[in-house]
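Peer 1: Please find coords.csv (CSV, C-alpha atoms) on the next line:
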chain,number,residue,atom,x,y,z
H,49,MET,CA,-14.2,10.2,-13.6
H,50,GLU,CA,-16.4,7.9,-11.5
H,51,ALA,CA,-14.7,5.7,-8.9
H,52,SER,CA,-14.2,2.2,-10.2
H,53,TYR,CA,-16.0,0.5,-7.3
H,54,VAL,CA,-19.2,2.3,-8.0
H,55,GLN,CA,-19.6,0.6,-11.4
H,56,ALA,CA,-18.5,-2.7,-9.8
H,57,TYR,CA,-21.3,-2.2,-7.3
H,58,ARG,CA,-23.9,-1.5,-9.9
H,59,SER,CA,-22.9,-4.5,-12.0
H,60,LYS,CA,-22.9,-6.9,-9.1
H,61,VAL,CA,-19.2,-7.6,-9.7
H,62,LEU,CA,-18.4,-6.2,-6.2
H,63,GLN,CA,-20.8,-8.7,-4.5
H,64,HIS,CA,-19.1,-11.6,-6.4
H,65,ARG,CA,-15.7,-10.5,-5.2
H,66,ILE,CA,-16.9,-10.2,-1.6
H,67,ASP,CA,-18.3,-13.7,-1.7
H,68,LYS,CA,-15.0,-15.1,-3.0
H,69,ALA,CA,-12.8,-13.1,-0.6
H,70,LEU,CA,-14.8,-14.2,2.4
H,71,ARG,CA,-14.5,-17.9,1.3
H,72,TRP,CA,-10.7,-17.4,1.2
H,73,LEU,CA,-10.8,-16.4,4.9
H,74,ARG,CA,-11.8,-19.9,5.8
H,75,LYS,CA,-8.3,-21.1,5.0
H,76,CYS,CA,-6.5,-17.8,4.6
H,77,SER,CA,-4.3,-17.3,1.6
H,78,LEU,CA,-4.7,-13.6,1.0
H,79,CYS,CA,-1.0,-12.8,1.3
H,80,PRO,CA,2.3,-14.7,0.6
H,81,ARG,CA,2.5,-15.9,4.2
H,82,LEU,CA,-0.2,-18.6,3.4
H,83,CYS,CA,-1.1,-19.1,7.0
H,84,ARG,CA,-4.2,-21.2,6.1
H,85,VAL,CA,-6.0,-20.4,9.3
H,86,ASN,CA,-9.8,-20.1,9.5
H,87,ARG,CA,-10.2,-16.4,10.1
H,88,LEU,CA,-14.0,-16.7,9.8
H,89,ALA,CA,-13.7,-18.6,13.1
H,90,ASP,CA,-11.5,-15.8,14.4
H,91,GLU,CA,-8.3,-17.9,14.1
H,92,LYS,CA,-5.2,-15.7,13.7
H,93,GLY,CA,-2.0,-16.1,11.7
H,94,VAL,CA,1.0,-13.8,11.1
H,95,CYS,CA,-1.3,-10.7,10.7
H,96,ARG,CA,-3.0,-11.5,14.1
H,97,THR,CA,-6.3,-10.4,12.5
H,98,GLY,CA,-9.4,-12.6,12.7
H,99,ARG,CA,-12.9,-12.1,11.3
H,100,TYR,CA,-13.0,-8.3,11.5
H,101,ALA,CA,-10.6,-5.6,10.6
H,102,LEU,CA,-9.0,-3.5,13.3
H,103,VAL,CA,-8.5,0.3,12.8
H,104,SER,CA,-5.9,2.3,14.6
H,105,SER,CA,-6.9,5.8,13.5
H,106,TYR,CA,-8.4,7.7,10.6
H,107,GLY,CA,-8.6,11.2,9.3
H,108,PRO,CA,-7.5,13.7,6.7
H,109,HIS,CA,-3.7,13.3,6.0
H,110,PHE,CA,-1.6,16.1,4.6
H,111,GLY,CA,1.7,14.3,4.6
H,112,GLU,CA,1.0,12.1,1.6
H,113,GLU,CA,2.1,12.8,-2.0
H,114,ASP,CA,0.7,16.0,-3.6
H,115,PRO,CA,-1.7,14.3,-6.0
H,116,LEU,CA,-3.4,12.6,-3.1
H,117,VAL,CA,-3.5,15.5,-0.7
H,118,GLY,CA,-4.9,18.4,-2.7
H,119,ARG,CA,-6.5,21.1,-0.5
H,120,ASN,CA,-8.4,18.9,1.9
H,121,GLY,CA,-6.2,16.0,2.5
H,122,SER,CA,-6.2,12.3,1.8
H,123,GLY,CA,-8.7,10.3,3.8
H,124,THR,CA,-6.5,7.8,5.5
H,125,ILE,CA,-7.6,4.7,7.4
H,126,PHE,CA,-4.8,3.1,9.3
H,127,PHE,CA,-5.5,-0.7,9.7
H,128,THR,CA,-3.9,-2.4,12.7
H,129,HIS,CA,-1.4,-5.2,12.2
H,130,CYS,CA,0.5,-6.1,9.1
H,131,ASN,CA,1.5,-9.1,7.0
H,132,LEU,CA,5.1,-7.9,6.5
H,133,LEU,CA,6.2,-6.7,9.9
H,134,CYS,CA,9.5,-4.9,9.1
H,135,LEU,CA,11.5,-4.7,12.3
H,136,PHE,CA,12.2,-1.0,11.7
H,137,CYS,CA,8.5,0.0,11.1
H,138,GLN,CA,7.8,3.7,11.8
H,139,ASN,CA,4.3,2.6,12.9
H,140,TYR,CA,5.6,-0.1,15.2
H,141,ASP,CA,2.8,0.5,17.7
H,142,ILE,CA,0.2,-0.2,15.1
H,143,SER,CA,1.8,-2.9,13.0
H,144,HIS,CA,3.6,-5.0,15.8
H,145,GLU,CA,1.9,-4.0,19.0
H,146,GLY,CA,-1.7,-4.0,17.7
H,147,GLN,CA,-2.9,-0.6,18.7
H,148,GLY,CA,-6.5,-0.4,17.4
H,149,VAL,CA,-10.1,-1.4,17.7
H,150,SER,CA,-12.2,-4.0,15.9
H,151,VAL,CA,-14.7,-2.6,13.4
H,152,SER,CA,-17.8,-4.1,11.7
H,153,PRO,CA,-18.5,-3.6,8.0
H,154,GLU,CA,-21.0,-1.0,8.9
H,155,GLN,CA,-18.5,0.9,11.0
H,156,LEU,CA,-15.8,0.8,8.4
H,157,ALA,CA,-18.3,2.0,5.7
H,158,GLY,CA,-19.2,4.8,8.1
H,159,VAL,CA,-15.6,5.9,8.4
H,160,MET,CA,-15.2,6.0,4.6
H,161,VAL,CA,-18.3,8.1,4.2
H,162,GLU,CA,-17.3,10.4,7.0
H,163,LEU,CA,-13.9,11.1,5.5
H,164,GLN,CA,-15.6,12.0,2.2
H,165,GLN,CA,-18.0,14.3,4.0
H,166,ARG,CA,-15.0,16.0,5.6
H,167,GLY,CA,-13.8,16.9,2.2
H,168,CYS,CA,-11.1,14.3,1.7
H,169,HIS,CA,-10.2,13.7,-2.0
H,170,ASN,CA,-9.9,9.9,-1.7
H,171,ILE,CA,-10.1,7.0,0.7
H,172,ASN,CA,-6.5,5.9,1.5
H,173,LEU,CA,-6.4,2.4,2.9
H,174,VAL,CA,-3.2,2.0,4.8
H,175,THR,CA,-1.8,-1.5,5.2
H,176,PRO,CA,-4.9,-3.2,3.7
H,177,THR,CA,-3.4,-6.5,2.4
H,178,HIS,CA,-4.6,-8.7,5.3
H,179,VAL,CA,-8.1,-7.1,5.4
H,180,VAL,CA,-9.1,-7.1,1.7
H,181,PRO,CA,-12.3,-9.1,2.4
H,182,GLN,CA,-13.3,-6.8,5.2
H,183,ILE,CA,-12.8,-3.7,3.0
H,184,LEU,CA,-14.8,-5.2,0.1
H,185,GLU,CA,-17.5,-6.2,2.5
H,186,ALA,CA,-17.8,-2.5,3.7
H,187,LEU,CA,-17.9,-1.0,0.2
H,188,PRO,CA,-21.5,-1.7,-0.8
H,189,LEU,CA,-22.7,-0.1,2.4
H,190,ALA,CA,-20.5,3.0,1.8
H,191,VAL,CA,-21.7,3.3,-1.8
H,192,GLU,CA,-25.3,3.2,-0.7
H,193,HIS,CA,-24.5,6.1,1.6
H,194,GLY,CA,-23.0,8.1,-1.1
H,195,LEU,CA,-19.3,7.2,-1.3
H,196,ARG,CA,-17.8,8.3,-4.6
H,197,VAL,CA,-14.2,9.4,-4.2
H,198,PRO,CA,-11.3,7.3,-5.5
H,199,LEU,CA,-10.0,4.3,-3.5
H,200,VAL,CA,-6.3,4.1,-2.7
H,201,TYR,CA,-4.6,0.8,-1.9
H,202,ASN,CA,-1.6,1.9,0.2
H,203,CYS,CA,0.4,-1.3,0.9
H,204,GLY,CA,3.9,-2.6,1.7
H,205,GLY,CA,4.2,-4.5,-1.6
H,206,TYR,CA,4.1,-8.0,-0.1
H,207,GLU,CA,1.1,-9.2,-2.2
H,208,ARG,CA,-0.4,-12.2,-4.0
H,209,VAL,CA,-1.5,-11.6,-7.5
H,210,PRO,CA,-4.7,-13.6,-7.0
H,211,THR,CA,-5.7,-11.3,-4.2
H,212,LEU,CA,-4.9,-8.2,-6.3
H,213,ARG,CA,-7.2,-9.6,-9.0
H,214,LEU,CA,-10.0,-9.5,-6.6
H,215,LEU,CA,-9.5,-5.8,-6.6
H,216,GLU,CA,-9.5,-5.2,-10.3
H,217,GLY,CA,-12.1,-2.7,-11.3
H,218,ILE,CA,-12.6,-1.7,-7.6
H,219,VAL,CA,-9.3,0.0,-6.6
H,220,ASP,CA,-8.6,3.2,-8.4
H,221,ILE,CA,-5.1,4.0,-7.2
H,222,TYR,CA,-2.4,1.5,-6.1
H,223,MET,CA,0.3,2.9,-3.9
H,224,PRO,CA,2.8,0.1,-3.0
H,225,ASP,CA,6.2,0.3,-1.4
H,226,PHE,CA,9.1,-1.5,-3.1
H,227,LYS,CA,11.2,-2.0,0.0
H,228,PHE,CA,14.0,-4.4,-0.8
H,229,TRP,CA,15.6,-5.9,-3.9
H,230,ASP,CA,17.8,-8.4,-2.1
H,231,PRO,CA,16.1,-11.5,-0.6
H,232,GLN,CA,18.7,-11.6,2.2
H,233,ALA,CA,17.8,-8.1,3.3
H,234,ALA,CA,14.1,-9.0,3.2
H,235,THR,CA,14.8,-12.1,5.3
H,236,ASP,CA,16.9,-10.2,7.8
H,237,LEU,CA,14.5,-7.3,8.2
H,238,CYS,CA,11.0,-8.8,7.8
H,239,GLN,CA,11.5,-12.6,7.6
H,240,ALA,CA,10.1,-12.6,4.0
H,241,GLU,CA,12.8,-14.0,1.7
H,242,ASP,CA,10.3,-13.9,-1.2
H,243,TYR,CA,9.5,-10.3,-0.8
H,244,PRO,CA,11.4,-9.0,-3.8
H,245,GLN,CA,9.7,-11.5,-6.1
H,246,ARG,CA,6.3,-10.8,-4.7
H,247,ALA,CA,6.8,-7.1,-5.0
H,248,ARG,CA,7.8,-7.4,-8.6
H,249,GLU,CA,4.8,-9.5,-9.4
H,250,ALA,CA,2.5,-7.1,-7.6
H,251,LEU,CA,3.8,-3.9,-9.4
H,252,ARG,CA,3.3,-5.6,-12.8
H,253,GLU,CA,-0.2,-6.6,-11.9
H,254,MET,CA,-1.1,-3.2,-10.4
H,255,HIS,CA,0.1,-1.4,-13.5
H,256,ARG,CA,-1.8,-3.8,-15.7
H,257,GLN,CA,-5.0,-2.9,-13.9
H,258,VAL,CA,-4.7,0.8,-13.6
H,259,GLY,CA,-1.8,2.1,-15.7
H,260,ASP,CA,0.3,5.2,-15.1
H,261,LEU,CA,-0.9,7.7,-12.6
H,262,ALA,CA,-3.6,10.0,-14.1
H,263,LEU,CA,-4.4,13.4,-12.7
H,264,ASP,CA,-7.5,15.6,-13.1
H,265,ALA,CA,-7.4,19.2,-14.1
H,266,SER,CA,-6.7,20.3,-10.5
H,267,GLY,CA,-3.7,17.9,-10.2
H,268,LEU,CA,-5.5,15.3,-8.1
H,269,ALA,CA,-4.9,11.6,-8.7
H,270,VAL,CA,-7.9,9.8,-10.1
H,271,ARG,CA,-6.4,6.5,-11.3
H,272,GLY,CA,-3.1,4.7,-11.7
H,273,LEU,CA,0.1,3.5,-10.0
H,274,LEU,CA,2.2,5.5,-7.5
H,275,VAL,CA,5.3,3.7,-6.1
H,276,ARG,CA,7.2,4.5,-2.9
H,277,HIS,CA,10.7,3.5,-2.2
H,278,LEU,CA,12.4,4.2,1.1
H,279,VAL,CA,16.2,4.8,0.8
H,280,MET,CA,18.0,2.9,3.5
H,281,PRO,CA,21.5,3.2,5.0
H,282,ASP,CA,24.3,1.3,3.4
H,283,GLY,CA,22.2,0.5,0.3
H,284,LEU,CA,20.1,-2.1,2.0
H,285,ALA,CA,17.0,-1.3,-0.1
H,286,GLY,CA,18.8,-2.0,-3.4
H,287,THR,CA,17.6,1.3,-5.0
H,288,GLU,CA,19.5,1.0,-8.3
H,289,GLU,CA,18.0,-2.4,-9.0
H,290,VAL,CA,14.5,-1.3,-8.0
H,291,CYS,CA,14.6,1.8,-10.3
H,292,ARG,CA,15.9,-0.3,-13.2
H,293,PHE,CA,13.1,-2.8,-12.7
H,294,ILE,CA,10.4,-0.2,-12.5
H,295,ALA,CA,11.6,1.6,-15.6
H,296,ARG,CA,12.1,-1.5,-17.7
H,297,GLU,CA,9.4,-3.8,-16.6
H,298,VAL,CA,6.6,-1.6,-15.3
H,299,SER,CA,6.8,1.8,-17.0
H,300,SER,CA,9.4,4.6,-17.4
H,301,ASN,CA,6.5,7.0,-16.6
H,302,THR,CA,5.8,5.5,-13.2
H,303,TYR,CA,5.3,8.1,-10.5
H,304,LEU,CA,8.1,7.1,-8.1
H,305,ASN,CA,8.5,8.7,-4.6
H,306,ILE,CA,12.1,8.2,-3.5
H,307,MET,CA,11.8,8.9,0.2
H,308,ASN,CA,14.6,10.1,2.5
H,309,GLN,CA,12.8,10.0,5.8
H,310,TYR,CA,14.2,6.7,7.2
H,311,ARG,CA,14.9,6.9,10.9
H,312,PRO,CA,15.6,4.2,13.5
H,313,CYS,CA,12.3,2.9,14.8
H,314,GLY,CA,10.9,-0.2,16.4
H,315,ARG,CA,13.8,-2.7,16.7
H,316,ALA,CA,16.1,-1.0,14.2
H,317,MET,CA,18.8,-0.6,16.8
H,318,GLU,CA,19.3,-4.3,16.7
H,319,VAL,CA,20.8,-4.0,13.2
H,320,PRO,CA,24.1,-2.0,13.0
H,321,SER,CA,23.3,-0.6,9.6
H,322,LEU,CA,19.9,0.7,10.7
H,323,ARG,CA,21.1,2.7,13.6
H,324,ARG,CA,21.5,5.9,11.7
H,325,ARG,CA,19.5,8.1,9.2
H,326,ILE,CA,20.6,8.2,5.6
H,327,THR,CA,23.1,10.9,4.4
H,328,ALA,CA,22.4,13.6,1.9
H,329,GLU,CA,24.7,11.8,-0.4
H,330,GLU,CA,22.8,8.5,-0.2
H,331,HIS,CA,19.6,10.3,-1.0
H,332,GLU,CA,21.1,12.1,-4.0
H,333,ASN,CA,22.6,8.9,-5.2
H,334,ALA,CA,19.1,7.3,-5.1
H,335,LEU,CA,17.7,10.2,-7.1
H,336,GLN,CA,20.5,9.8,-9.7
H,337,ALA,CA,19.7,6.1,-9.9
H,338,ALA,CA,16.2,6.9,-10.9
H,339,ARG,CA,17.5,9.3,-13.6
H,340,ASN,CA,20.0,6.7,-14.8
H,341,ALA,CA,17.3,4.1,-15.1
H,342,GLY,CA,15.3,6.4,-17.4
H,343,LEU,CA,12.4,7.2,-15.1
H,344,THR,CA,10.7,10.3,-16.2
H,345,ARG,CA,8.4,11.1,-13.3
H,346,LEU,CA,9.8,11.4,-9.9
H,347,ASP,CA,8.4,12.9,-6.6
H,348,ARG,CA,11.3,14.2,-4.5
H,349,ARG,CA,9.1,15.0,-1.5
H,350,THR,CA,9.7,18.7,-2.2
H,351,ARG,CA,5.9,19.4,-2.4
H,352,ARG,CA,6.0,19.5,-6.1
H,353,PHE,CA,5.8,17.2,-9.1
H,354,ILE,CA,8.9,17.0,-11.2
H,355,VAL,CA,9.3,15.8,-14.7
H,356,TRP,CA,12.9,15.3,-15.7
Could you render the structure as structure tokens?
Peer 2:
Amino acid sequence: MEASYVQAYRSKVLQHRIDKALRWLRKCSLCPRLCRVNRLADEKGVCRTGRYALVSSYGPHFGEEDPLVGRNGSGTIFFTHCNLLCLFCQNYDISHEGQGVSVSPEQLAGVMVELQQRGCHNINLVTPTHVVPQILEALPLAVEHGLRVPLVYNCGGYERVPTLRLLEGIVDIYMPDFKFWDPQAATDLCQAEDYPQRAREALREMHRQVGDLALDASGLAVRGLLVRHLVMPDGLAGTEEVCRFIAREVSSNTYLNIMNQYRPCGRAMEVPSLRRRITAEEHENALQAARNAGLTRLDRRTRRFIVW
């Protein structure tokens, strides 16, 4: 299956989306924060990113979900800064402290092509929401230098549907988090009361664009939706409600990774409930919630794909 963005490049759709996305940077409304700053003039809002994207690191990643990793790894590009800024972020030095370097479109395209040349099965854009125009701007250059592997949009779930529509026919695989069901938890932990609503809207739109996760004959993902949900202490994530929503309003065949690797990072020690890891019982309860909701595809992070 040919990567979606290649056809978008040939049909000139990609160039149209680039032009539109860059116009939005003049009064930035890419994400729900709606900062309205002129990023083309290097003004900065919540994401602290101006005209050009910043990259913290890149390389083959073997800790992602099996359908992305394969034999040679997922080609991850970690973008600096974030529009969500969870206080417990496990990449706090990148998202909050800004570790990274500015890259031109040519440099970003070169990174993508290099990852493909190193054998990576996809280009995995980590925390891309605030740099959608910069990613789009780099893609034609990458295509012209031979980029062909699937494009993965690996985000926190705090999206605007109009921005996601810029990516229709360009992104092959969406991999959002669904972090919190309760607006109060979202307010307390990332100052984004509207996060649950925006995440629900985003998952519906992503699934509309790409459908359920599709694998090739070797088990590698080529297109579709893969959702991550981090189980948190004391039920802060609202796992039962998240699972029911996905099963009923997205698809009961959604590939859902229920993750048990929460650990206190960043400023987590400021919140009493976040000062500990989750228990085995909390994780098992989360898995049972997915079963009870009727989800039929579930990745338990046991290095295998499970169909219930």
Peer 1: So which residues touch range 196-211 of chain H within 6 Å, counting only C-alpha atoms, skipping near sequence neighbours fewer than 2 positions away, as a PDB file with C-alpha atoms, keeping the file's coordinate frame?
Peer 2:
ATOM      1  CA  ALA H  51     -14.700   5.700  -8.900  1.00  0.00           C
ATOM      2  CA  LEU H  78      -4.700 -13.600   1.000  1.00  0.00           C
ATOM      3  CA  CYS H  79      -1.000 -12.800   1.300  1.00  0.00           C
ATOM      4  CA  PRO H  80       2.300 -14.700   0.600  1.00  0.00           C
ATOM      5  CA  ASN H 170      -9.900   9.900  -1.700  1.00  0.00           C
ATOM      6  CA  ILE H 171     -10.100   7.000   0.700  1.00  0.00           C
ATOM      7  CA  ASN H 172      -6.500   5.900   1.500  1.00  0.00           C
ATOM      8  CA  LEU H 173      -6.400   2.400   2.900  1.00  0.00           C
ATOM      9  CA  VAL H 174      -3.200   2.000   4.800  1.00  0.00           C
ATOM     10  CA  THR H 175      -1.800  -1.500   5.200  1.00  0.00           C
ATOM     11  CA  ARG H 213      -7.200  -9.600  -9.000  1.00  0.00           C
ATOM     12  CA  LEU H 214     -10.000  -9.500  -6.600  1.00  0.00           C
ATOM     13  CA  VAL H 219      -9.300   0.000  -6.600  1.00  0.00           C
ATOM     14  CA  ASP H 220      -8.600   3.200  -8.400  1.00  0.00           C
ATOM     15  CA  ILE H 221      -5.100   4.000  -7.200  1.00  0.00           C
ATOM     16  CA  TYR H 222      -2.400   1.500  -6.100  1.00  0.00           C
ATOM     17  CA  MET H 223       0.300   2.900  -3.900  1.00  0.00           C
ATOM     18  CA  PRO H 224       2.800   0.100  -3.000  1.00  0.00           C
ATOM     19  CA  ASP H 225       6.200   0.300  -1.400  1.00  0.00           C
ATOM     20  CA  PHE H 226       9.100  -1.500  -3.100  1.00  0.00           C
ATOM     21  CA  TYR H 243       9.500 -10.300  -0.800  1.00  0.00           C
ATOM     22  CA  ARG H 246       6.300 -10.800  -4.700  1.00  0.00           C
ATOM     23  CA  ALA H 247       6.800  -7.100  -5.000  1.00  0.00           C
ATOM     24  CA  ALA H 250       2.500  -7.100  -7.600  1.00  0.00           C
TER      25      ALA H 250
END
Peer 1: Which polymer residues have any atom within 12 Å of an atom of Met307 in chain H, counting all atoms listed in the file, with same-chain residues fewer than 6 positions away left out, as a list in words?
Peer 2: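 After dropping sequence-adjacent residues, the list is Glu112, Glu113, Asp225, Phe226, Lys227, Val275, Arg276, His277, Leu278, Val279, Met280, Ala285, Thr287, Arg325, Ile326, Ala328, Glu330, His331, Glu332, Ala334, Leu335, Leu346, Asp347, Arg348, Arg349 and Thr350 of chain H.
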Peer 1: Grab the CA of Cys76 in chain H to CA of Cys130 in chain H distance for me, in Å with one decimal place.
Peer 2: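 These atoms are spaced 14.4 Å apart.
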Peer 1: Compile the contact shell of range 177-184 of chain H as number ranges by chain: residues with an atom at most 10 Å away, counting all atoms listed in the file, same-chain residues fewer than 3 positions apart removed.
Peer 2: H: 53, 62-63, 65-73, 76-79, 94-102, 127-132, 151-153, 156-157, 173-174, 187-189, 201-208, 211-212, 214-215, 218
Peer 1: Do a neighbour search on Pro115 in chain H at 8 Å with all atoms listed in the file, toss out local chain neighbours closer than 3 positions, and write the hits as an NGL selection string.
Peer 2: :H and (118 or 263 or 267-269)
Peer 1: Counting all atoms listed in the file, what is within 10 Å of range 315-321 of chain H, bar same-chain residues fewer than 3 positions away, as a JSON list (two decimals) with C-alpha atoms, in the coordinates of the input?
Peer 2:
[["chain", "number", "residue", "atom", "x", "y", "z"],
["H", 134, "CYS", "CA", 9.50, -4.90, 9.10],
["H", 135, "LEU", "CA", 11.50, -4.70, 12.30],
["H", 136, "PHE", "CA", 12.20, -1.00, 11.70],
["H", 137, "CYS", "CA", 8.50, 0.00, 11.10],
["H", 138, "GLN", "CA", 7.80, 3.70, 11.80],
["H", 140, "TYR", "CA", 5.60, -0.10, 15.20],
["H", 236, "ASP", "CA", 16.90, -10.20, 7.80],
["H", 237, "LEU", "CA", 14.50, -7.30, 8.20],
["H", 280, "MET", "CA", 18.00, 2.90, 3.50],
["H", 281, "PRO", "CA", 21.50, 3.20, 5.00],
["H", 282, "ASP", "CA", 24.30, 1.30, 3.40],
["H", 283, "GLY", "CA", 22.20, 0.50, 0.30],
["H", 284, "LEU", "CA", 20.10, -2.10, 2.00],
["H", 311, "ARG", "CA", 14.90, 6.90, 10.90],
["H", 312, "PRO", "CA", 15.60, 4.20, 13.50],
["H", 324, "ARG", "CA", 21.50, 5.90, 11.70],
["H", 325, "ARG", "CA", 19.50, 8.10, 9.20]]
Peer 1: At a cut-off of 6 Å from (5.9, -1.3, -10.1) in the coordinates of the file, what residues are picked up using all atoms listed in the file, written as a ChimeraX atom specification?
Peer 2: /H:251-252,294,298
Peer 1: Considering all atoms listed in the file, can you say which of H:Asp90, H:Glu253, H:Glu50, H:Glu289 comes closest to Ser150 in chain H?
Peer 2: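 The shortest atom-to-atom distance to Ser150 in chain H comes from H:Asp90.
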